[in-house]
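Source file: work_34.tsv; contents: TSV, C-alpha atoms and all ligand atoms.
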chain	number	residue	atom	x	y	z
A	1	MET	CA	29.06	-25.82	-41.33
A	2	ILE	CA	31.44	-26.24	-44.23
A	3	SER	CA	30.89	-23.73	-47.03
A	4	GLY	CA	32.33	-23.67	-50.53
A	5	ALA	CA	35.12	-21.47	-49.19
A	6	ALA	CA	36.13	-23.79	-46.33
A	7	ARG	CA	39.79	-24.07	-45.37
A	8	LEU	CA	41.05	-27.64	-45.63
A	9	ALA	CA	43.80	-29.62	-43.94
A	10	GLY	CA	44.33	-33.21	-42.90
A	11	VAL	CA	46.69	-35.90	-41.71
A	12	LEU	CA	48.68	-38.12	-44.10
A	13	GLY	CA	49.48	-41.58	-42.75
A	14	TRP	CA	49.43	-45.27	-43.66
A	15	PRO	CA	47.38	-46.49	-41.95
A	16	VAL	CA	45.71	-43.40	-40.53
A	17	ALA	CA	42.41	-44.69	-39.12
A	18	HIS	CA	43.86	-44.74	-35.58
A	19	SER	CA	44.90	-41.07	-35.74
A	20	ARG	CA	43.33	-38.81	-33.12
A	21	SER	CA	44.30	-35.64	-34.96
A	22	PRO	CA	40.98	-35.27	-36.86
A	23	LYS	CA	39.04	-35.34	-33.58
A	24	LEU	CA	41.33	-32.70	-32.08
A	25	HIS	CA	41.44	-30.30	-35.02
A	26	ASN	CA	37.71	-30.55	-35.73
A	27	PHE	CA	36.97	-29.83	-32.06
A	28	TRP	CA	39.04	-26.64	-32.31
A	29	LEU	CA	37.42	-25.72	-35.64
A	30	ALA	CA	33.98	-26.01	-34.03
A	31	ARG	CA	35.04	-24.13	-30.90
A	32	HIS	CA	36.25	-21.20	-32.99
A	33	THR	CA	33.39	-21.48	-35.53
A	34	ILE	CA	35.92	-21.67	-38.34
A	35	ASP	CA	34.69	-22.55	-41.81
A	36	GLY	CA	37.04	-25.50	-42.28
A	37	ALA	CA	37.65	-29.23	-42.06
A	38	TYR	CA	40.50	-31.55	-41.12
A	39	VAL	CA	40.34	-35.02	-42.64
A	40	PRO	CA	42.18	-38.35	-42.46
A	41	LEU	CA	44.25	-38.96	-45.60
A	42	PRO	CA	45.27	-42.62	-45.95
A	43	VAL	CA	48.10	-42.65	-48.49
A	44	ALA	CA	50.37	-45.59	-49.31
A	45	PRO	CA	54.10	-44.80	-49.32
A	46	GLU	CA	54.44	-45.11	-53.10
A	47	ASN	CA	51.74	-42.46	-53.57
A	48	PHE	CA	52.97	-39.97	-50.99
A	49	ALA	CA	54.54	-37.32	-53.25
A	50	THR	CA	51.66	-37.51	-55.73
A	51	ALA	CA	49.13	-37.11	-52.93
A	52	VAL	CA	50.90	-34.08	-51.46
A	53	LEU	CA	51.05	-32.34	-54.82
A	54	GLY	CA	47.39	-33.21	-55.40
A	55	LEU	CA	46.31	-31.79	-52.04
A	56	ARG	CA	48.18	-28.61	-52.79
A	57	ALA	CA	46.64	-28.41	-56.27
A	58	ALA	CA	43.20	-28.92	-54.70
A	59	GLY	CA	43.66	-25.92	-52.45
A	60	PHE	CA	44.46	-27.56	-49.11
A	61	ARG	CA	46.22	-25.22	-46.67
A	62	GLY	CA	48.54	-27.97	-45.47
A	63	ALA	CA	48.70	-31.28	-43.66
A	64	ASN	CA	50.13	-33.15	-40.75
A	65	VAL	CA	52.27	-36.14	-41.55
A	66	THR	CA	52.53	-39.28	-39.48
A	67	ILE	CA	54.06	-42.74	-39.74
A	68	PRO	CA	55.55	-43.79	-42.16
A	69	HIS	CA	55.80	-40.56	-44.15
A	70	LYS	CA	57.81	-38.12	-42.02
A	71	GLU	CA	61.07	-38.55	-43.94
A	72	ALA	CA	59.32	-38.52	-47.32
A	73	ALA	CA	57.60	-35.29	-46.25
A	74	PHE	CA	60.99	-33.72	-45.64
A	75	ALA	CA	61.96	-34.62	-49.20
A	76	VAL	CA	58.92	-32.99	-50.85
A	77	CYS	CA	59.50	-29.61	-49.19
A	78	ALA	CA	60.95	-26.64	-51.05
A	79	ARG	CA	61.89	-25.17	-47.66
A	80	VAL	CA	62.23	-26.68	-44.20
A	81	ASP	CA	62.90	-24.89	-40.93
A	82	ASP	CA	65.51	-25.70	-38.27
A	83	THR	CA	63.16	-27.98	-36.33
A	84	ALA	CA	62.69	-30.17	-39.41
A	85	ARG	CA	66.38	-30.12	-40.26
A	86	ARG	CA	67.39	-31.13	-36.75
A	87	ALA	CA	64.76	-33.88	-36.62
A	88	GLY	CA	65.52	-35.05	-40.16
A	89	ALA	CA	61.75	-35.34	-40.62
A	90	VAL	CA	58.64	-33.24	-41.18
A	91	ASN	CA	55.29	-33.61	-39.42
A	92	THR	CA	53.70	-30.31	-40.50
A	93	LEU	CA	53.38	-29.22	-44.15
A	94	THR	CA	52.14	-25.83	-45.30
A	95	PHE	CA	51.20	-25.21	-48.91
A	96	ALA	CA	52.30	-21.64	-49.52
A	97	ALA	CA	52.31	-19.71	-52.79
A	98	GLU	CA	56.10	-19.99	-52.96
A	99	GLY	CA	56.11	-23.76	-52.43
A	100	ILE	CA	55.72	-26.47	-49.82
A	101	THR	CA	57.27	-25.70	-46.44
A	102	GLY	CA	57.89	-28.15	-43.64
A	103	SER	CA	58.55	-28.13	-39.94
A	104	ASN	CA	58.68	-30.65	-37.14
A	105	THR	CA	56.62	-29.77	-34.07
A	106	ASP	CA	57.15	-33.03	-32.15
A	107	GLY	CA	60.12	-31.80	-30.11
A	108	ALA	CA	58.58	-28.42	-29.34
A	109	GLY	CA	55.29	-30.18	-28.50
A	110	PHE	CA	57.14	-32.39	-26.04
A	111	LEU	CA	58.79	-29.36	-24.41
A	112	ALA	CA	55.53	-27.41	-24.27
A	113	ASN	CA	53.89	-30.36	-22.53
A	114	LEU	CA	56.70	-30.53	-19.97
A	115	ARG	CA	56.28	-26.83	-19.24
A	116	ALA	CA	52.50	-27.21	-18.99
A	117	HIS	CA	53.20	-29.75	-16.23
A	118	GLY	CA	55.45	-27.25	-14.43
A	119	VAL	CA	58.65	-29.02	-15.46
A	120	ASN	CA	61.65	-26.94	-16.49
A	121	PRO	CA	63.32	-28.80	-19.40
A	122	VAL	CA	66.70	-27.19	-18.69
A	123	ALA	CA	66.78	-28.21	-15.01
A	124	GLY	CA	69.49	-30.81	-15.69
A	125	PRO	CA	70.66	-33.65	-17.93
A	126	ALA	CA	68.14	-35.78	-19.80
A	127	LEU	CA	68.21	-39.52	-20.51
A	128	LEU	CA	66.17	-40.65	-23.52
A	129	LEU	CA	65.30	-44.32	-24.00
A	130	GLY	CA	64.93	-45.24	-27.68
A	131	ALA	CA	66.53	-44.08	-30.90
A	132	GLY	CA	63.69	-43.71	-33.40
A	133	GLY	CA	62.19	-40.62	-34.99
A	134	ALA	CA	60.57	-39.39	-31.78
A	135	ALA	CA	63.85	-39.69	-29.88
A	136	ARG	CA	65.59	-37.64	-32.54
A	137	ALA	CA	62.98	-34.86	-32.57
A	138	ILE	CA	62.94	-34.59	-28.76
A	139	ALA	CA	66.72	-34.85	-28.38
A	140	ALA	CA	67.23	-32.17	-31.03
A	141	GLU	CA	65.05	-29.62	-29.24
A	142	LEU	CA	66.56	-30.39	-25.82
A	143	LEU	CA	70.06	-29.98	-27.28
A	144	ALA	CA	69.00	-26.70	-28.91
A	145	LEU	CA	68.09	-25.45	-25.41
A	146	GLY	CA	71.56	-26.38	-24.17
A	147	VAL	CA	70.44	-29.47	-22.23
A	148	ARG	CA	72.92	-32.34	-21.91
A	149	VAL	CA	71.26	-35.33	-23.61
A	150	ARG	CA	72.15	-39.02	-23.46
A	151	ILE	CA	70.31	-41.76	-25.31
A	152	ALA	CA	70.16	-45.44	-24.47
A	153	ASN	CA	68.76	-47.89	-27.00
A	154	ARG	CA	68.30	-51.65	-26.88
A	155	THR	CA	69.95	-51.95	-30.31
A	156	PRO	CA	73.29	-50.09	-30.04
A	157	GLU	CA	73.66	-49.55	-33.81
A	158	ARG	CA	70.53	-47.38	-33.89
A	159	ALA	CA	71.81	-45.29	-30.99
A	160	ALA	CA	75.09	-44.82	-32.87
A	161	SER	CA	73.37	-43.68	-36.06
A	162	LEU	CA	71.20	-41.21	-34.13
A	163	ALA	CA	74.31	-39.85	-32.39
A	164	ALA	CA	76.00	-39.46	-35.78
A	165	ALA	CA	73.02	-37.44	-37.05
A	166	LEU	CA	72.79	-35.16	-33.99
A	167	PRO	CA	76.09	-33.63	-32.92
A	168	GLY	CA	76.32	-33.17	-29.16
A	169	ILE	CA	74.24	-36.18	-28.20
A	170	GLU	CA	75.91	-38.79	-25.99
A	171	ILE	CA	75.27	-42.52	-25.78
A	172	LEU	CA	74.68	-44.57	-22.64
A	173	ASP	CA	74.95	-48.36	-22.80
A	174	TRP	CA	71.46	-49.88	-22.58
A	175	ALA	CA	72.78	-52.19	-19.84
A	176	ARG	CA	73.62	-49.16	-17.65
A	177	ARG	CA	70.22	-47.46	-17.83
A	178	ASN	CA	69.06	-48.45	-14.33
A	179	ALA	CA	72.30	-47.69	-12.48
A	180	ALA	CA	72.77	-44.34	-14.25
A	181	LEU	CA	69.40	-42.83	-13.30
A	182	ALA	CA	70.93	-40.91	-10.39
A	183	ASP	CA	72.70	-38.61	-12.87
A	184	TYR	CA	69.57	-37.23	-14.54
A	185	ALA	CA	66.85	-34.65	-13.98
A	186	LEU	CA	64.64	-35.99	-16.77
A	187	LEU	CA	63.94	-39.50	-18.09
A	188	VAL	CA	61.97	-39.85	-21.32
A	189	ASN	CA	60.62	-43.09	-22.76
A	190	THR	CA	60.50	-42.58	-26.53
A	191	THR	CA	60.16	-46.30	-27.26
A	192	SER	CA	56.87	-48.03	-27.97
A	193	ALA	CA	57.34	-50.25	-24.91
A	194	GLY	CA	54.48	-49.88	-22.45
A	195	MET	CA	51.98	-49.17	-25.19
A	196	HIS	CA	48.69	-51.06	-24.99
A	197	GLY	CA	49.37	-54.54	-26.39
A	198	ALA	CA	53.19	-54.12	-26.39
A	199	PRO	CA	55.62	-55.45	-23.78
A	200	GLU	CA	56.33	-53.23	-20.79
A	201	LEU	CA	59.52	-51.19	-20.68
A	202	ASP	CA	62.22	-53.11	-18.84
A	203	LEU	CA	63.36	-50.43	-16.40
A	204	ASP	CA	63.98	-50.39	-12.66
A	205	LEU	CA	63.48	-47.03	-10.96
A	206	ALA	CA	65.11	-48.08	-7.66
A	207	ARG	CA	68.08	-45.75	-8.27
A	208	ALA	CA	66.01	-42.80	-9.43
A	209	PRO	CA	66.63	-39.62	-7.42
A	210	ALA	CA	63.58	-37.97	-5.82
A	211	SER	CA	64.09	-35.00	-8.17
A	212	LEU	CA	63.72	-37.09	-11.36
A	213	THR	CA	60.87	-36.25	-13.73
A	214	VAL	CA	59.65	-39.28	-15.71
A	215	ALA	CA	58.03	-38.55	-19.07
A	216	ASP	CA	56.51	-41.03	-21.51
A	217	ILE	CA	55.52	-40.32	-25.10
A	218	VAL	CA	53.20	-43.34	-25.06
A	219	TYR	CA	49.64	-42.19	-24.31
A	220	VAL	CA	47.68	-45.43	-24.72
A	221	PRO	CA	47.17	-46.15	-21.86
A	222	LEU	CA	47.26	-42.67	-20.30
A	223	ALA	CA	49.17	-44.02	-17.28
A	224	THR	CA	51.75	-46.43	-18.71
A	225	PRO	CA	53.34	-48.99	-16.39
A	226	LEU	CA	56.45	-46.76	-16.34
A	227	LEU	CA	54.47	-43.70	-15.25
A	228	ALA	CA	52.57	-45.74	-12.67
A	229	ALA	CA	55.84	-47.05	-11.22
A	230	ALA	CA	57.28	-43.52	-11.13
A	231	ALA	CA	54.18	-42.11	-9.45
A	232	ALA	CA	54.27	-44.91	-6.87
A	233	ARG	CA	57.76	-43.72	-5.95
A	234	GLY	CA	56.57	-40.15	-5.61
A	235	LEU	CA	58.33	-38.95	-8.76
A	236	ARG	CA	56.86	-36.27	-10.97
A	237	THR	CA	55.33	-37.77	-14.13
A	238	VAL	CA	54.38	-36.37	-17.52
A	239	GLY	CA	52.13	-38.43	-19.81
A	240	GLY	CA	52.24	-38.51	-23.59
A	241	LEU	CA	48.79	-37.17	-24.45
A	242	GLY	CA	49.84	-33.57	-23.92
A	243	MET	CA	52.60	-33.91	-26.52
A	244	LEU	CA	49.99	-34.96	-29.09
A	245	LEU	CA	47.94	-31.87	-28.23
A	246	HIS	CA	50.82	-29.41	-28.18
A	247	GLN	CA	52.42	-30.65	-31.42
A	248	ALA	CA	49.13	-29.90	-33.18
A	249	VAL	CA	48.99	-26.20	-32.24
A	250	PRO	CA	51.42	-24.71	-34.81
A	251	GLY	CA	49.77	-26.43	-37.79
A	252	PHE	CA	46.27	-25.42	-36.75
A	253	SER	CA	47.43	-21.86	-36.28
A	254	LEU	CA	49.17	-21.76	-39.70
A	255	TRP	CA	46.27	-23.29	-41.65
A	256	PHE	CA	43.26	-21.86	-39.87
A	257	GLY	CA	44.58	-18.54	-38.52
A	258	VAL	CA	43.74	-19.04	-34.83
A	259	THR	CA	46.06	-20.29	-32.09
A	260	PRO	CA	44.03	-22.91	-30.22
A	261	GLN	CA	44.16	-23.37	-26.45
A	262	ILE	CA	44.89	-26.60	-24.63
A	263	ASP	CA	42.56	-26.54	-21.65
A	264	GLN	CA	40.83	-29.09	-19.44
A	265	GLU	CA	37.94	-29.46	-21.87
A	266	VAL	CA	40.10	-30.51	-24.82
A	267	ILE	CA	42.28	-32.73	-22.61
A	268	ALA	CA	39.16	-34.49	-21.24
A	269	LEU	CA	37.70	-34.89	-24.74
A	270	MET	CA	40.89	-36.47	-26.09
A	271	ALA	CA	41.38	-38.67	-23.01
A	272	ALA	CA	37.78	-39.90	-23.07
A	273	ASP	CA	38.36	-42.90	-25.34
A	274	ILE	CA	41.84	-43.84	-24.11
A	275	PRO	CA	42.19	-46.47	-21.37
A	276	ALA	CA	43.52	-44.99	-18.11
A	277	THR	CA	45.79	-47.98	-17.37
B	301	LIG	P1	59.70	-43.94	-34.07
B	301	LIG	O1	60.63	-43.75	-35.21
B	301	LIG	O2	58.27	-43.66	-34.39
B	301	LIG	O3	60.13	-43.24	-32.83
B	301	LIG	P2	60.57	-46.70	-34.13
B	301	LIG	O4	61.50	-46.42	-35.22
B	301	LIG	O5	59.62	-47.84	-34.27
B	301	LIG	O6	59.66	-45.48	-33.70
B	301	LIG	O7	61.44	-46.88	-32.84
B	301	LIG	C1	61.00	-47.60	-31.83
B	301	LIG	C2	62.00	-47.50	-30.68
B	301	LIG	O8	61.46	-48.22	-29.62
B	301	LIG	C3	63.35	-48.11	-30.98
B	301	LIG	O9	64.33	-47.35	-30.32
B	301	LIG	C4	63.21	-49.51	-30.39
B	301	LIG	O10	64.43	-50.08	-29.98
B	301	LIG	P3	65.33	-50.96	-31.02
B	301	LIG	O11	66.05	-49.98	-31.86
B	301	LIG	O12	66.21	-51.76	-30.15
B	301	LIG	O13	64.33	-51.81	-31.81
B	301	LIG	C5	62.41	-49.18	-29.18
B	301	LIG	N1	61.70	-50.31	-28.59
B	301	LIG	C6	60.56	-50.90	-29.04
B	301	LIG	N2	60.16	-51.85	-28.19
B	301	LIG	C7	61.08	-51.88	-27.18
B	301	LIG	C8	61.22	-52.66	-25.98
B	301	LIG	N3	60.34	-53.61	-25.63
B	301	LIG	N4	62.28	-52.38	-25.19
B	301	LIG	C9	63.16	-51.45	-25.51
B	301	LIG	N5	63.09	-50.68	-26.62
B	301	LIG	C10	62.06	-50.90	-27.44

Would you write out, as structure tokens, the structure that this file holds?
Ligand code: ATR
Amino acid sequence: MISGAARLAGVLGWPVAHSRSPKLHNFWLARHTIDGAYVPLPVAPENFATAVLGLRAAGFRGANVTIPHKEAAFAVCARVDDTARRAGAVNTLTFAAEGITGSNTDGAGFLANLRAHGVNPVAGPALLLGAGGAARAIAAELLALGVRVRIANRTPERAASLAAALPGIEILDWARRNAALADYALLVNTTSAGMHGAPELDLDLARAPASLTVADIVYVPLATPLLAAAAARGLRTVGGLGMLLHQAVPGFSLWFGVTPQIDQEVIALMAADIPAT
């Protein structure tokens, strides 16, 4: 039940109809019998700042931000934390009395998901494929833990500009990605390759050491071709759905005052309408 005093939050995106965040947050709201709602907020880029100010004026507690607004969200904040600064982007806005604050929970959500799978993120060097916003957020949090991070990207200029933005990150030539696998404890696909309807990631795991953990941020399908290939070799795999769940926790907790749990019930609910392969 939503009363006149309900707490409100939502997700800003363009488009946003595909977002699974409303399903997740409203499940948690119901589980904790919180008087609140979390709604999709389709906002075109040119209206982003106006919409954020309007939501704040209308009493929203805050909002998540997804593609293509994460950099614009950074710009509307009066204050951002270190996670946002390192990522150069904001995915979680809170409308506080003193102004709009922003953080980026993507990298921490990725790490929390690794740990939930029993993987120690600081076990050894990490190789990230891709150089977009997700790569930056994940690389930033791994670097902050003291992990050695290399990125390999199909388009070298994008790898170079990410490396310029994140001191400490190293670049691996895209052409060397297969041969170099032996040097890493963790491989992360941050590209959209392997997503339902997109081409598969062009990667050969033949040189992967038995100790390699293979993580994918793609979660449609749940078992991407990369994860299936890794599992077939007996490697430990970490799918992308958990990152979506874990990145949502800090916002929910800030806006609604309860820290939600990620258990089998919520994982099964969120996986229910995603193809397995
Ligand atoms: P985001 O910012 O959300 O992480 P993005 O900016 O669309 O996403 O970045 C997509 C990433 O996936 C890029 O690193 C892109 O590589 P390029 O810079 O060479 O375009 C990568 N990518 C997409 N499809 C790919 C494919 N089939 N093989 C390799 N990399 C791919």

Within 9 Å of (74.5, -44.7, -29.7), only C-alpha atoms: residues as number ranges by chain? A: 131, 150-153, 155-164, 169-173

Mind running chain A against ligand LIG 301 (chain B) at 9 Å and telling me each contacting residue's nearest atom pair with the distance in Å (one decimal), counting only C-alpha atoms and all ligand atoms, chain and number ascending, as CSV?
residue,atom,partner,partner_atom,distance
A:Thr66,CA,B:LIG301,O2,8.8
A:Ile67,CA,B:LIG301,O2,6.9
A:Pro68,CA,B:LIG301,O2,8.2
A:Leu129,CA,B:LIG301,O9,7.1
A:Gly130,CA,B:LIG301,O9,3.4
A:Ala131,CA,B:LIG301,O9,4.0
A:Gly132,CA,B:LIG301,O1,3.6
A:Gly133,CA,B:LIG301,O1,3.5
A:Ala134,CA,B:LIG301,O3,4.0
A:Ala135,CA,B:LIG301,O3,5.9
A:Arg136,CA,B:LIG301,O3,7.8
A:Ala137,CA,B:LIG301,O3,8.9
A:Ala152,CA,B:LIG301,O9,8.5
A:Asn153,CA,B:LIG301,O9,5.6
A:Arg154,CA,B:LIG301,O12,3.9
A:Thr155,CA,B:LIG301,O12,3.7
A:Pro156,CA,B:LIG301,O12,7.3
A:Glu157,CA,B:LIG301,O11,7.9
A:Arg158,CA,B:LIG301,O11,5.6
A:Ala159,CA,B:LIG301,O11,7.5
A:Trp174,CA,B:LIG301,C9,8.9
A:Asn189,CA,B:LIG301,O8,8.6
A:Thr190,CA,B:LIG301,O3,6.3
A:Thr191,CA,B:LIG301,O8,3.3
A:Ser192,CA,B:LIG301,C6,4.8
A:Ala193,CA,B:LIG301,N3,4.6
A:Gly194,CA,B:LIG301,N3,7.6
A:Ala198,CA,B:LIG301,N3,7.2
A:Pro199,CA,B:LIG301,N3,5.4
A:Glu200,CA,B:LIG301,N3,6.3
A:Leu201,CA,B:LIG301,N4,5.4
A:Asp202,CA,B:LIG301,N4,6.4

Export of the given selection (C-alpha atoms) as a JSON list (two decimals), in the frame of the given file:
[["chain", "number", "residue", "atom", "x", "y", "z"],
["A", 66, "THR", "CA", 52.53, -39.28, -39.48],
["A", 67, "ILE", "CA", 54.06, -42.74, -39.74],
["A", 68, "PRO", "CA", 55.55, -43.79, -42.16],
["A", 129, "LEU", "CA", 65.30, -44.32, -24.00],
["A", 130, "GLY", "CA", 64.93, -45.24, -27.68],
["A", 131, "ALA", "CA", 66.53, -44.08, -30.90],
["A", 132, "GLY", "CA", 63.69, -43.71, -33.40],
["A", 133, "GLY", "CA", 62.19, -40.62, -34.99],
["A", 134, "ALA", "CA", 60.57, -39.39, -31.78],
["A", 135, "ALA", "CA", 63.85, -39.69, -29.88],
["A", 136, "ARG", "CA", 65.59, -37.64, -32.54],
["A", 137, "ALA", "CA", 62.98, -34.86, -32.57],
["A", 152, "ALA", "CA", 70.16, -45.44, -24.47],
["A", 153, "ASN", "CA", 68.76, -47.89, -27.00],
["A", 154, "ARG", "CA", 68.30, -51.65, -26.88],
["A", 155, "THR", "CA", 69.95, -51.95, -30.31],
["A", 156, "PRO", "CA", 73.29, -50.09, -30.04],
["A", 157, "GLU", "CA", 73.66, -49.55, -33.81],
["A", 158, "ARG", "CA", 70.53, -47.38, -33.89],
["A", 159, "ALA", "CA", 71.81, -45.29, -30.99],
["A", 174, "TRP", "CA", 71.46, -49.88, -22.58],
["A", 189, "ASN", "CA", 60.62, -43.09, -22.76],
["A", 190, "THR", "CA", 60.50, -42.58, -26.53],
["A", 191, "THR", "CA", 60.16, -46.30, -27.26],
["A", 192, "SER", "CA", 56.87, -48.03, -27.97],
["A", 193, "ALA", "CA", 57.34, -50.25, -24.91],
["A", 194, "GLY", "CA", 54.48, -49.88, -22.45],
["A", 198, "ALA", "CA", 53.19, -54.12, -26.39],
["A", 199, "PRO", "CA", 55.62, -55.45, -23.78],
["A", 200, "GLU", "CA", 56.33, -53.23, -20.79],
["A", 201, "LEU", "CA", 59.52, -51.19, -20.68],
["A", 202, "ASP", "CA", 62.22, -53.11, -18.84]]

Which distance in Å separates atom CA of His32 of chain A and atom CA of Asp263 of chain A, to one decimal? 14.0 Å

Please define a box with edges along x, y and z of the file around all atoms of segment 136-153 of chain A given in the file, extend it by 3 Å on each side, and return its centre and edge lengths in Å to one decimal, as lines of an AutoDock Vina configuration file.
center_x = 67.9
center_y = -36.7
center_z = -27.2
size_x = 16.0
size_y = 28.4
size_z = 16.7

Between atom CA of Ala215 of chain A and atom CA of Gly197 of chain A, what is the distance in Å, rounded to a tenth? 19.6 Å

Quick one: distance from atom CA of Gly62 of chain A to atom CA of Val76 of chain A in Å, one decimal? 12.7 Å
